[in-house]
$ cat model_4.tsv   # TSV, C-alpha atoms and all ligand atoms
chain	number	residue	atom	x	y	z
A	1	MET	CA	0.00	0.00	0.00
A	2	GLU	CA	1.39	3.37	-1.01
A	3	ASN	CA	2.08	5.80	1.80
A	4	LEU	CA	-0.39	8.63	1.29
A	5	THR	CA	0.24	10.46	4.54
A	6	TYR	CA	3.38	12.52	4.57
A	7	TYR	CA	4.42	14.26	7.73
A	8	ARG	CA	7.30	16.28	6.31
A	9	PRO	CA	5.98	19.36	4.50
A	10	THR	CA	8.44	19.02	1.57
A	11	LYS	CA	6.46	18.06	-1.53
A	12	ALA	CA	6.62	18.14	-5.31
A	13	LEU	CA	3.22	19.26	-6.56
A	14	ILE	CA	2.42	17.92	-10.01
A	15	ASP	CA	-0.29	19.73	-11.94
A	16	LEU	CA	-1.84	17.08	-14.18
A	17	GLN	CA	-4.07	19.70	-15.83
A	18	ALA	CA	-0.93	21.46	-17.04
A	19	ILE	CA	0.33	18.21	-18.55
A	20	LYS	CA	-3.00	17.65	-20.28
A	21	ALA	CA	-3.12	21.25	-21.53
A	22	ASN	CA	0.40	20.95	-22.99
A	23	ILE	CA	-0.60	17.78	-24.85
A	24	GLN	CA	-3.84	19.32	-26.06
A	25	SER	CA	-1.97	22.37	-27.38
A	26	LEU	CA	0.37	20.03	-29.24
A	27	ARG	CA	-2.62	18.07	-30.55
A	28	ASN	CA	-4.14	21.24	-32.00
A	29	TYR	CA	-0.80	22.21	-33.53
A	30	LEU	CA	0.05	18.88	-35.18
A	31	GLN	CA	-1.38	17.69	-38.47
A	32	PRO	CA	-4.57	15.74	-37.69
A	33	HIS	CA	-3.25	12.31	-38.74
A	34	VAL	CA	-0.14	12.51	-36.53
A	35	ASP	CA	-0.14	10.41	-33.34
A	36	ILE	CA	1.30	11.57	-30.03
A	37	ILE	CA	3.73	9.27	-28.24
A	38	ALA	CA	4.08	10.51	-24.66
A	39	VAL	CA	7.62	10.02	-23.39
A	40	VAL	CA	7.26	8.90	-19.77
A	41	LYS	CA	10.69	7.36	-19.26
A	42	ALA	CA	12.69	8.03	-16.09
A	43	ASN	CA	9.54	8.14	-13.99
A	44	ALA	CA	8.08	10.67	-16.45
A	45	TYR	CA	11.11	12.93	-16.16
A	46	GLY	CA	10.74	12.70	-12.37
A	47	HIS	CA	7.05	13.72	-12.40
A	48	GLY	CA	5.62	10.24	-11.72
A	49	ASP	CA	5.14	7.70	-14.50
A	50	ILE	CA	1.70	6.26	-13.73
A	51	GLN	CA	-0.10	9.52	-13.03
A	52	VAL	CA	1.51	11.29	-15.99
A	53	ALA	CA	0.72	8.33	-18.25
A	54	ALA	CA	-2.95	8.45	-17.22
A	55	ALA	CA	-3.11	12.19	-17.90
A	56	ALA	CA	-1.33	11.79	-21.24
A	57	ILE	CA	-3.71	9.05	-22.38
A	58	GLU	CA	-6.70	11.15	-21.33
A	59	ALA	CA	-5.32	14.10	-23.31
A	60	GLY	CA	-4.92	12.02	-26.47
A	61	ALA	CA	-1.56	10.23	-26.43
A	62	VAL	CA	-1.92	6.87	-28.18
A	63	MET	CA	1.42	5.37	-27.19
A	64	LEU	CA	3.77	5.67	-24.23
A	65	ALA	CA	7.54	5.56	-24.64
A	66	VAL	CA	9.88	4.36	-21.91
A	67	ALA	CA	13.63	3.78	-21.85
A	68	THR	CA	13.87	0.38	-20.20
A	69	PRO	CA	11.97	-2.92	-20.08
A	70	ASP	CA	11.41	-2.50	-16.35
A	71	GLU	CA	9.72	0.84	-16.95
A	72	ALA	CA	7.48	-0.88	-19.51
A	73	VAL	CA	6.48	-3.54	-16.96
A	74	ARG	CA	5.44	-0.87	-14.45
A	75	ILE	CA	3.31	0.91	-17.04
A	76	ARG	CA	1.70	-2.32	-18.30
A	77	GLN	CA	0.74	-3.29	-14.74
A	78	HIS	CA	-1.35	-0.12	-14.58
A	79	PHE	CA	-2.57	0.16	-18.18
A	80	ALA	CA	-3.65	-3.06	-19.87
A	81	HIS	CA	-4.23	-1.76	-23.39
A	82	ILE	CA	-2.10	1.27	-24.25
A	83	ASP	CA	0.73	0.73	-26.75
A	84	ILE	CA	4.12	0.91	-25.05
A	85	LEU	CA	7.44	1.38	-26.84
A	86	VAL	CA	10.78	0.65	-25.19
A	87	LEU	CA	13.20	3.17	-26.73
A	88	GLY	CA	16.39	1.66	-25.37
A	89	ALA	CA	18.11	-1.71	-25.58
A	90	THR	CA	16.23	-4.76	-24.33
A	91	PRO	CA	17.78	-8.07	-23.23
A	92	ILE	CA	16.62	-11.24	-25.00
A	93	SER	CA	15.20	-12.47	-21.69
A	94	PHE	CA	12.48	-9.79	-21.89
A	95	ILE	CA	11.07	-11.01	-25.21
A	96	PRO	CA	8.54	-13.54	-23.79
A	97	TYR	CA	7.09	-10.81	-21.55
A	98	ALA	CA	6.97	-8.39	-24.49
A	99	ALA	CA	5.12	-11.03	-26.54
A	100	SER	CA	2.53	-11.83	-23.91
A	101	GLU	CA	1.98	-8.22	-22.79
A	102	ASN	CA	2.13	-6.47	-26.17
A	103	ILE	CA	5.22	-4.34	-25.53
A	104	THR	CA	6.87	-2.89	-28.64
A	105	LEU	CA	10.66	-3.01	-28.72
A	106	ALA	CA	13.38	-1.02	-30.45
A	107	VAL	CA	15.62	-3.18	-32.63
A	108	PHE	CA	19.00	-2.30	-34.09
A	109	SER	CA	21.07	-5.47	-34.16
A	110	VAL	CA	21.03	-8.56	-36.40
A	111	GLN	CA	22.78	-10.51	-33.67
A	112	TRP	CA	19.97	-9.71	-31.23
A	113	VAL	CA	17.39	-11.01	-33.71
A	114	GLU	CA	19.42	-14.18	-34.29
A	115	GLN	CA	19.56	-14.83	-30.56
A	116	ALA	CA	15.85	-14.16	-30.28
A	117	GLN	CA	15.14	-16.76	-32.96
A	118	GLN	CA	16.15	-19.40	-30.40
A	119	ILE	CA	13.11	-18.51	-28.28
A	120	LYS	CA	10.28	-20.75	-29.37
A	121	SER	CA	6.56	-20.73	-28.59
A	122	LEU	CA	5.90	-17.04	-28.03
A	123	GLN	CA	2.29	-16.13	-27.33
A	124	SER	CA	2.26	-13.76	-30.32
A	125	PRO	CA	4.85	-11.98	-32.48
A	126	VAL	CA	6.66	-9.07	-30.83
A	127	LYS	CA	6.22	-5.71	-32.55
A	128	LEU	CA	9.49	-4.00	-33.37
A	129	HIS	CA	10.49	-0.45	-34.25
A	130	ILE	CA	13.75	-0.33	-36.20
A	131	LYS	CA	16.10	2.30	-34.80
A	132	ILE	CA	18.32	4.11	-37.27
A	133	ASP	CA	21.37	6.03	-36.12
A	134	THR	CA	21.43	9.09	-38.35
A	135	GLY	CA	23.98	11.00	-36.28
A	136	MET	CA	23.22	10.64	-32.58
A	137	GLY	CA	25.83	7.87	-32.34
A	138	ARG	CA	23.89	6.12	-29.59
A	139	ILE	CA	21.85	3.08	-30.65
A	140	GLY	CA	20.68	2.31	-34.17
A	141	VAL	CA	21.84	0.83	-37.45
A	142	ASN	CA	24.29	3.06	-39.19
A	143	SER	CA	24.17	2.14	-42.88
A	144	LEU	CA	21.84	1.01	-45.65
A	145	GLU	CA	23.50	-2.38	-45.71
A	146	GLU	CA	22.90	-2.93	-42.00
A	147	LEU	CA	19.33	-1.70	-42.31
A	148	LEU	CA	18.43	-4.04	-45.16
A	149	GLN	CA	20.08	-6.99	-43.45
A	150	LEU	CA	18.16	-6.26	-40.28
A	151	TYR	CA	14.87	-5.74	-42.13
A	152	GLU	CA	15.27	-8.99	-43.97
A	153	ILE	CA	16.01	-11.09	-40.91
A	154	ILE	CA	13.14	-9.55	-38.95
A	155	THR	CA	10.61	-10.09	-41.71
A	156	SER	CA	11.71	-13.70	-42.07
A	157	THR	CA	11.43	-14.37	-38.34
A	158	ALA	CA	8.04	-15.58	-37.11
A	159	GLN	CA	8.67	-14.21	-33.62
A	160	PHE	CA	8.66	-10.61	-34.88
A	161	SER	CA	6.74	-8.09	-36.91
A	162	VAL	CA	7.94	-4.67	-38.08
A	163	ASP	CA	5.60	-2.02	-36.73
A	164	GLY	CA	7.73	1.11	-36.94
A	165	ILE	CA	10.97	2.83	-37.77
A	166	PHE	CA	12.56	5.81	-36.05
A	167	THR	CA	15.59	7.94	-35.39
A	168	HIS	CA	16.59	10.59	-32.88
A	169	PHE	CA	18.11	14.02	-33.49
A	170	ALA	CA	21.14	15.46	-31.73
A	171	THR	CA	20.61	19.16	-32.47
A	172	ALA	CA	16.88	19.68	-33.13
A	173	ASP	CA	16.68	22.42	-30.47
A	174	GLU	CA	19.38	24.61	-32.04
A	175	GLU	CA	18.99	27.49	-34.47
A	176	GLU	CA	21.77	26.14	-36.70
A	177	THR	CA	20.27	23.39	-38.88
A	178	LEU	CA	23.23	21.94	-40.79
A	179	TYR	CA	23.69	18.83	-38.66
A	180	PHE	CA	19.95	18.38	-38.21
A	181	ASP	CA	19.40	18.53	-41.99
A	182	LYS	CA	22.09	15.91	-42.52
A	183	GLN	CA	20.30	13.58	-40.11
A	184	VAL	CA	16.98	14.17	-41.87
A	185	ASP	CA	18.52	13.47	-45.28
A	186	LYS	CA	20.10	10.24	-44.07
A	187	PHE	CA	16.82	9.05	-42.55
A	188	LYS	CA	14.79	9.84	-45.65
A	189	GLU	CA	17.31	8.19	-47.90
A	190	LEU	CA	17.44	4.97	-45.90
A	191	LEU	CA	13.66	4.92	-45.59
A	192	GLN	CA	13.13	4.92	-49.35
A	193	TYR	CA	15.09	1.67	-49.72
A	194	LEU	CA	12.83	-0.25	-47.35
A	195	PRO	CA	10.68	-2.74	-49.30
A	196	GLU	CA	7.61	-1.60	-47.35
A	197	LYS	CA	6.92	1.46	-45.20
A	198	PRO	CA	6.23	0.37	-41.61
A	199	ARG	CA	2.98	1.50	-39.98
A	200	LEU	CA	4.61	4.11	-37.75
A	201	VAL	CA	7.47	6.32	-38.93
A	202	HIS	CA	8.59	8.74	-36.20
A	203	VAL	CA	11.58	11.03	-35.83
A	204	ALA	CA	10.39	14.07	-33.91
A	205	ASN	CA	11.24	14.84	-30.31
A	206	THR	CA	9.65	17.94	-28.76
A	207	ALA	CA	11.90	20.44	-30.54
A	208	THR	CA	11.37	18.82	-33.94
A	209	ALA	CA	7.61	18.62	-33.43
A	210	LEU	CA	7.34	22.26	-32.36
A	211	ILE	CA	9.73	24.17	-34.58
A	212	LYS	CA	10.56	22.09	-37.66
A	213	HIS	CA	8.72	21.53	-40.91
A	214	SER	CA	5.40	19.73	-40.44
A	215	SER	CA	6.50	16.96	-42.82
A	216	LEU	CA	8.91	15.81	-40.10
A	217	GLN	CA	5.96	14.91	-37.93
A	218	PHE	CA	5.61	11.79	-40.15
A	219	ASP	CA	3.13	9.39	-38.47
A	220	ALA	CA	3.88	10.24	-34.84
A	221	VAL	CA	5.92	12.54	-32.60
A	222	ARG	CA	7.65	11.65	-29.35
A	223	PHE	CA	6.64	14.38	-26.95
A	224	GLY	CA	8.87	14.59	-23.87
A	225	ILE	CA	10.12	17.75	-22.20
A	226	SER	CA	7.35	20.15	-23.24
A	227	MET	CA	4.65	17.78	-22.02
A	228	TYR	CA	6.02	18.78	-18.62
A	229	GLY	CA	5.82	22.46	-19.58
A	230	LEU	CA	9.56	22.89	-20.06
A	231	LEU	CA	11.49	24.13	-23.08
A	232	PRO	CA	14.02	21.92	-24.87
A	233	SER	CA	16.27	24.99	-25.19
A	234	SER	CA	16.05	28.76	-24.93
A	235	TYR	CA	16.08	28.95	-28.73
A	236	VAL	CA	12.90	26.85	-28.92
A	237	GLY	CA	11.41	29.37	-26.47
A	238	GLU	CA	11.99	32.17	-28.99
A	239	VAL	CA	9.99	30.43	-31.72
A	240	LEU	CA	7.51	28.42	-29.65
A	241	PRO	CA	4.14	28.06	-31.43
A	242	PHE	CA	2.03	27.91	-28.25
A	243	PRO	CA	2.53	28.67	-24.55
A	244	LEU	CA	3.48	25.89	-22.13
A	245	ARG	CA	2.39	25.34	-18.55
A	246	PRO	CA	5.07	24.02	-16.18
A	247	ALA	CA	3.71	21.04	-14.25
A	248	LEU	CA	6.05	20.80	-11.28
A	249	ALA	CA	6.26	22.95	-8.17
A	250	LEU	CA	8.42	22.20	-5.15
A	251	GLU	CA	7.32	23.41	-1.77
A	252	THR	CA	8.12	23.11	1.90
A	253	GLU	CA	7.67	25.07	5.13
A	254	LEU	CA	9.90	26.77	7.64
A	255	VAL	CA	10.57	24.32	10.47
A	256	HIS	CA	12.76	26.65	12.52
A	257	VAL	CA	13.38	30.40	12.59
A	258	LYS	CA	16.00	32.24	14.54
A	259	LYS	CA	17.73	35.55	14.88
A	260	LEU	CA	21.38	35.34	13.96
A	261	HIS	CA	23.70	37.93	15.47
A	262	ALA	CA	26.41	39.62	13.47
A	263	GLY	CA	29.46	37.34	13.37
A	264	GLN	CA	27.52	34.06	13.82
A	265	SER	CA	27.89	31.43	11.12
A	266	VAL	CA	25.71	28.83	9.41
A	267	GLY	CA	26.17	25.24	8.22
A	268	TYR	CA	29.01	22.78	7.63
A	269	GLY	CA	32.28	24.56	7.10
A	270	ALA	CA	30.74	27.70	8.62
A	271	THR	CA	30.87	29.23	5.15
A	272	PHE	CA	28.22	31.90	5.78
A	273	THR	CA	28.79	34.47	8.47
A	274	ALA	CA	26.20	37.13	9.23
A	275	ALA	CA	27.50	40.65	8.60
A	276	ASP	CA	24.60	42.12	10.55
A	277	ASP	CA	21.87	40.75	12.75
A	278	CYS	CA	19.41	38.83	10.55
A	279	TYR	CA	16.71	36.16	10.56
A	280	ILE	CA	17.39	32.75	9.13
A	281	GLY	CA	14.99	29.88	8.50
A	282	THR	CA	15.65	26.17	8.34
A	283	ILE	CA	13.81	24.16	5.69
A	284	PRO	CA	13.55	20.35	5.64
A	285	ILE	CA	15.07	19.59	2.25
A	286	GLY	CA	18.64	18.68	1.43
A	287	TYR	CA	20.93	16.96	-0.98
A	288	ALA	CA	19.34	13.56	-0.26
A	289	ASP	CA	16.20	15.05	-1.83
A	290	GLY	CA	18.11	16.08	-4.94
A	291	MET	CA	18.79	19.59	-3.72
A	292	ILE	CA	22.47	19.26	-4.48
A	293	ARG	CA	25.05	21.39	-2.70
A	294	LYS	CA	25.71	23.38	-5.85
A	295	LEU	CA	22.29	24.99	-5.29
A	296	SER	CA	23.67	26.96	-2.35
A	297	GLY	CA	22.96	30.61	-3.17
A	298	GLN	CA	19.80	29.77	-5.15
A	299	ASP	CA	16.76	31.87	-4.17
A	300	VAL	CA	13.57	30.41	-2.75
A	301	LEU	CA	10.31	32.32	-2.20
A	302	VAL	CA	8.94	33.26	1.19
A	303	ASP	CA	5.89	35.51	1.35
A	304	GLY	CA	6.47	36.39	-2.32
A	305	LYS	CA	10.02	37.55	-1.63
A	306	ARG	CA	13.26	36.04	-2.84
A	307	SER	CA	15.39	34.54	-0.07
A	308	PRO	CA	18.75	32.94	-0.80
A	309	ILE	CA	19.94	29.58	0.47
A	310	ILE	CA	22.92	30.32	2.68
A	311	GLY	CA	25.82	28.12	3.74
A	312	ARG	CA	26.28	24.57	2.58
A	313	ILE	CA	23.22	22.45	1.91
A	314	CYS	CA	23.04	19.51	4.36
A	315	MET	CA	21.71	16.02	3.58
A	316	ASP	CA	18.21	16.73	4.91
A	317	GLN	CA	18.02	20.44	5.65
A	318	CYS	CA	19.25	23.80	4.51
A	319	MET	CA	19.08	27.35	5.74
A	320	ILE	CA	17.71	30.45	4.08
A	321	LEU	CA	18.17	34.14	4.78
A	322	LEU	CA	14.71	35.49	5.60
A	323	PRO	CA	13.50	38.95	4.65
A	324	ALA	CA	11.89	39.24	8.12
A	325	ALA	CA	10.98	37.14	11.16
A	326	TYR	CA	8.44	34.63	9.85
A	327	ASN	CA	6.68	31.95	11.83
A	328	VAL	CA	7.43	28.28	11.72
A	329	GLY	CA	4.99	26.79	9.18
A	330	GLU	CA	5.37	29.66	6.69
A	331	ARG	CA	5.20	28.29	3.16
A	332	VAL	CA	8.48	28.20	1.22
A	333	THR	CA	8.39	27.74	-2.56
A	334	LEU	CA	11.56	26.30	-4.04
A	335	VAL	CA	10.15	25.95	-7.55
A	336	GLY	CA	6.92	27.66	-8.56
A	337	LYS	CA	5.08	30.93	-8.02
A	338	GLN	CA	4.30	33.11	-5.04
A	339	GLN	CA	2.59	36.49	-5.40
A	340	GLY	CA	3.87	37.22	-8.89
A	341	GLU	CA	7.42	36.01	-8.25
A	342	GLU	CA	8.50	32.74	-9.85
A	343	ILE	CA	11.40	30.35	-9.56
A	344	THR	CA	11.66	27.84	-12.38
A	345	LEU	CA	13.43	24.55	-12.98
A	346	ASP	CA	15.39	26.52	-15.58
A	347	ASP	CA	16.67	28.79	-12.78
A	348	TRP	CA	17.90	25.70	-10.95
A	349	ALA	CA	19.44	24.35	-14.15
A	350	THR	CA	21.30	27.62	-14.73
A	351	LYS	CA	22.52	27.66	-11.14
A	352	VAL	CA	23.95	24.14	-11.31
A	353	GLU	CA	25.10	24.48	-14.93
A	354	THR	CA	22.92	21.79	-16.43
A	355	ILE	CA	19.72	21.51	-18.50
A	356	ASN	CA	16.16	21.63	-17.19
A	357	TYR	CA	15.65	17.94	-18.18
A	358	GLU	CA	18.08	16.88	-15.46
A	359	VAL	CA	16.57	18.80	-12.57
A	360	PRO	CA	13.23	16.99	-11.99
A	361	CYS	CA	14.99	13.68	-12.61
A	362	ILE	CA	17.29	14.27	-9.66
A	363	ILE	CA	14.53	15.15	-7.19
A	364	THR	CA	14.75	11.87	-5.30
A	365	SER	CA	11.96	9.49	-4.32
A	366	ARG	CA	12.04	10.81	-0.74
A	367	VAL	CA	10.13	13.83	-2.01
A	368	PRO	CA	6.51	12.73	-2.43
A	369	ARG	CA	4.83	13.69	-5.70
A	370	ILE	CA	1.40	15.07	-4.89
A	371	TYR	CA	-1.00	15.23	-7.82
A	372	ILE	CA	-3.26	18.18	-8.39
A	373	LYS	CA	-6.10	17.15	-10.67
A	401	LIG	N1	12.85	10.04	-28.18
A	401	LIG	C1	14.00	9.57	-27.68
A	401	LIG	C2	14.63	8.38	-28.34
A	401	LIG	C3	14.61	10.20	-26.59
A	401	LIG	O1	15.76	9.71	-26.12
A	401	LIG	C4	13.99	11.34	-26.02
A	401	LIG	C5	14.59	12.11	-24.90
A	401	LIG	C6	12.78	11.78	-26.58
A	401	LIG	C7	12.25	11.11	-27.66
A	401	LIG	C8	12.04	12.98	-26.05
A	401	LIG	O2	12.78	14.15	-26.24
A	401	LIG	P1	12.24	15.53	-25.70
A	401	LIG	O3	12.14	15.37	-24.22
A	401	LIG	O4	13.28	16.52	-26.08
A	401	LIG	O5	10.93	15.73	-26.31
A	401	LIG	N2	15.79	11.62	-24.40
A	401	LIG	C9	16.67	12.31	-23.66
A	401	LIG	C10	17.89	11.75	-23.29
A	401	LIG	O6	18.25	10.53	-23.58
A	401	LIG	N3	18.59	12.61	-22.60
A	401	LIG	O7	17.89	13.74	-22.53
A	401	LIG	C11	16.69	13.57	-23.17

$ encode --input "model_4.tsv" --output "structure tokens"
Amino acid sequence: MENLTYYRPTKALIDLQAIKANIQSLRNYLQPHVDIIAVVKANAYGHGDIQVAAAAIEAGAVMLAVATPDEAVRIRQHFAHIDILVLGATPISFIPYAASENITLAVFSVQWVEQAQQIKSLQSPVKLHIKIDTGMGRIGVNSLEELLQLYEIITSTAQFSVDGIFTHFATADEEETLYFDKQVDKFKELLQYLPEKPRLVHVANTATALIKHSSLQFDAVRFGISMYGLLPSSYVGEVLPFPLRPALALETELVHVKKLHAGQSVGYGATFTAADDCYIGTIPIGYADGMIRKLSGQDVLVDGKRSPIIGRICMDQCMILLPAAYNVGERVTLVGKQQGEEITLDDWATKVETINYEVPCIITSRVPRIYIK
């Protein structure tokens, strides 16, 4: 039984309406025949796979994409009928489960298919999406020869059927299009040599779906980061066709407030020393929650005012410089809005020199995700 009572006030609030609205905006923007594949890998980018999947399906997604077989199992246990695609590599040992539970797998290796041929008596053929490496250099077949060899062995193997073909772009979110165009050309060229076009051709991640030519929507788009209301890059923000609603807020409360006298210090290493008398608050969130020490100095919101995190962030707690003497229990917003002020996951990403994708993924499972319907 899931623990639904949380005593610590630190919570990630996930706005499922925002997720639905982002998908619906995409739906209105895409050509009518194009399907939406909701990318819910990595626990839906840290937002919670099952709840996000339910919202995505309700908003019109017809397939869910995950990275690993284990993620697919979790989704299937909650959703009996939705199509699920595993984007990453799958061990042979997963194939019987994929066959009995209708999980679609990415395929990119002849050797893998040969090994799979040894598995007899599958409940039904496993649907495969051929992955082409057009320039990401990650997984995927790299040449026409490899593609045709793979296609031939799959189509002559009773255990499998070809349902789709796809690739992934390395630079779709950038203004410069040279490398992107090369990837597109390679994909289109390889595609035309296939004896038959698979049911589902898909190449577009969020950036491609939102800012590239509509012909690159093909049969489906894989909608990840902007489903969560976040931009793939600042450049995409400049040319975005519709507004996005961020889905995640992170909140806690003051659990201790004290007056610090000039000369007194705060935290491990005593790295902050008060120049003047001031009020500091302790909040129950630390690096074990994903609030890594590099976030020291980041502002949080208290009573609509920006208050910086001071000193080193501890495992379970950190301290903030308060604008005034507030009471224990005062709401503290780490990500989200208060009275017209806002702190975003992009602010965190800038502070720790990473991308917004990474930030919700590193908010650990100790922080409960609370769903606002
Ligand atoms: N398709 C594949 C194969 C992906 O790896 C990803 C994101 C997406 C679609 C969705 O992209 P979007 O969130 O930009 O829409 N994958 C990753 C990754 O591996 N690291 O960062 C994002």

$ residues_near_ligand --input "model_4.tsv" --ligand "ligand LIG 401 (chain A)" --cutoff "6 Å" --atoms "all atoms listed in the file" --output "number ranges by chain"
A: 39, 87, 168, 205-206, 222-225, 232

$ atom_distance --input "model_4.tsv" --atom1 "CA of Gln77 in chain A" --atom2 "CA of Ala53 in chain A"
12.1 Å

$ residues_around --input "model_4.tsv" --residues "range 291-300 of chain A" --least-positions-apart "5" --cutoff "6 Å" --atoms "all atoms listed in the file" --output "ChimeraX atom specification"
/A:286,306-310,313,333-334,352

$ closest_residue --input "model_4.tsv" --among "A:Ile82, A:Ile92, A:Ala170, A:Ala262" --to "Ala65 in chain A" --atoms "all atoms listed in the file"
A:Ile82

$ closest_residue --input "model_4.tsv" --among "A:Gly135, A:Gly329, A:Gly336, A:Gly281" --to "Pro246 in chain A" --atoms "all atoms listed in the file"
A:Gly336

$ atom_distance --input "model_4.tsv" --atom1 "CA of Leu30 in chain A" --atom2 "CA of Ala172 in chain A"
17.0 Å

$ residues_around --input "model_4.tsv" --residues "Cys278 in chain A" --least-positions-apart "3" --cutoff "9 Å" --atoms "all atoms listed in the file" --output "list in words"
Lys258, Lys259, Leu260, His261, Ala262, Ala274, Ala275, Leu321, Leu322, Pro323, Ala324 and Ala325 of chain A

$ closest_residue --input "model_4.tsv" --among "A:Gly88, A:Gly60, A:Gly237, A:Pro125" --to "Ile23 in chain A" --atoms "all atoms listed in the file"
A:Gly60

$ atom_distance --input "model_4.tsv" --atom1 "CA of Ala12 in chain A" --atom2 "CA of Thr252 in chain A"
8.9 Å

$ closest_residue --input "model_4.tsv" --among "A:Ile320, A:Leu190, A:Leu250, A:Leu301" --to "Lys11 in chain A" --atoms "only C-alpha atoms"
A:Leu250

$ residues_around --input "model_4.tsv" --residues "range 42-48 of chain A" --least-positions-apart "2" --cutoff "8 Å" --atoms "all atoms listed in the file" --output "number ranges by chain"
A: 14, 39-40, 50-53, 66-67, 71, 225, 248, 357, 360-363, 369

$ write_last_selection --input "model_4.tsv" --atoms "C-alpha atoms" --output "PDB file, keeping the file's coordinate frame"
ATOM      1  CA  ILE A  14       2.420  17.920 -10.010  1.00  0.00           C
ATOM      2  CA  VAL A  39       7.620  10.020 -23.390  1.00  0.00           C
ATOM      3  CA  VAL A  40       7.260   8.900 -19.770  1.00  0.00           C
ATOM      4  CA  ILE A  50       1.700   6.260 -13.730  1.00  0.00           C
ATOM      5  CA  GLN A  51      -0.100   9.520 -13.030  1.00  0.00           C
ATOM      6  CA  VAL A  52       1.510  11.290 -15.990  1.00  0.00           C
ATOM      7  CA  ALA A  53       0.720   8.330 -18.250  1.00  0.00           C
ATOM      8  CA  VAL A  66       9.880   4.360 -21.910  1.00  0.00           C
ATOM      9  CA  ALA A  67      13.630   3.780 -21.850  1.00  0.00           C
ATOM     10  CA  GLU A  71       9.720   0.840 -16.950  1.00  0.00           C
ATOM     11  CA  ILE A 225      10.120  17.750 -22.200  1.00  0.00           C
ATOM     12  CA  LEU A 248       6.050  20.800 -11.280  1.00  0.00           C
ATOM     13  CA  TYR A 357      15.650  17.940 -18.180  1.00  0.00           C
ATOM     14  CA  PRO A 360      13.230  16.990 -11.990  1.00  0.00           C
ATOM     15  CA  CYS A 361      14.990  13.680 -12.610  1.00  0.00           C
ATOM     16  CA  ILE A 362      17.290  14.270  -9.660  1.00  0.00           C
ATOM     17  CA  ILE A 363      14.530  15.150  -7.190  1.00  0.00           C
ATOM     18  CA  ARG A 369       4.830  13.690  -5.700  1.00  0.00           C
TER      19      ARG A 369
END

$ closest_residue --input "model_4.tsv" --among "A:Ala204, A:Val221, A:Met227, A:Val332" --to "Val255 in chain A" --atoms "all atoms listed in the file"
A:Val332

$ closest_residue --input "model_4.tsv" --among "A:Tyr193, A:Phe187, A:Phe108, A:Phe180" --to "Ala207 in chain A" --atoms "only C-alpha atoms"
A:Phe180

$ residues_near_point --input "model_4.tsv" --point "(13.8, -0.7, -24.5)" --cutoff "6 Å" --atoms "all atoms listed in the file" --output "list in words"
Ala67, Thr68, Pro69, Val86, Leu87, Gly88, Ala89, Thr90, Leu105 and Ala106 of chain A

$ decode --input "model_4.tsv" --residues "range 303-311 of chain A" --atoms "N, CA, C and O atoms" --output "short mmCIF file (atom, residue, chain, number, x, y, z; two decimals), in the first residue's frame"
data_model
loop_
_atom_site.label_atom_id
_atom_site.label_comp_id
_atom_site.auth_asym_id
_atom_site.auth_seq_id
_atom_site.Cartn_x
_atom_site.Cartn_y
_atom_site.Cartn_z
N ASP A 303 6.79 34.36 1.34
CA ASP A 303 5.89 35.51 1.35
C ASP A 303 6.08 36.36 0.08
O ASP A 303 6.09 37.59 0.12
N GLY A 304 6.31 35.69 -1.05
CA GLY A 304 6.47 36.39 -2.32
C GLY A 304 7.81 37.07 -2.49
O GLY A 304 8.03 37.77 -3.48
N LYS A 305 8.70 36.87 -1.53
CA LYS A 305 10.02 37.55 -1.63
C LYS A 305 11.13 36.53 -1.82
O LYS A 305 11.07 35.42 -1.28
N ARG A 306 12.13 36.92 -2.58
CA ARG A 306 13.26 36.04 -2.84
C ARG A 306 14.18 35.97 -1.62
O ARG A 306 14.56 37.00 -1.07
N SER A 307 14.52 34.75 -1.23
CA SER A 307 15.39 34.54 -0.07
C SER A 307 16.45 33.53 -0.47
O SER A 307 16.11 32.42 -0.90
N PRO A 308 17.70 33.86 -0.34
CA PRO A 308 18.75 32.94 -0.80
C PRO A 308 19.04 31.81 0.20
O PRO A 308 18.92 32.00 1.42
N ILE A 309 19.42 30.67 -0.36
CA ILE A 309 19.94 29.58 0.47
C ILE A 309 21.35 29.97 0.89
O ILE A 309 22.17 30.34 0.04
N ILE A 310 21.60 29.90 2.19
CA ILE A 310 22.92 30.32 2.68
C ILE A 310 23.67 29.12 3.27
O ILE A 310 23.07 28.17 3.75
N GLY A 311 24.98 29.20 3.20
CA GLY A 311 25.82 28.12 3.74
C GLY A 311 25.70 26.88 2.88
O GLY A 311 25.09 26.87 1.81
#
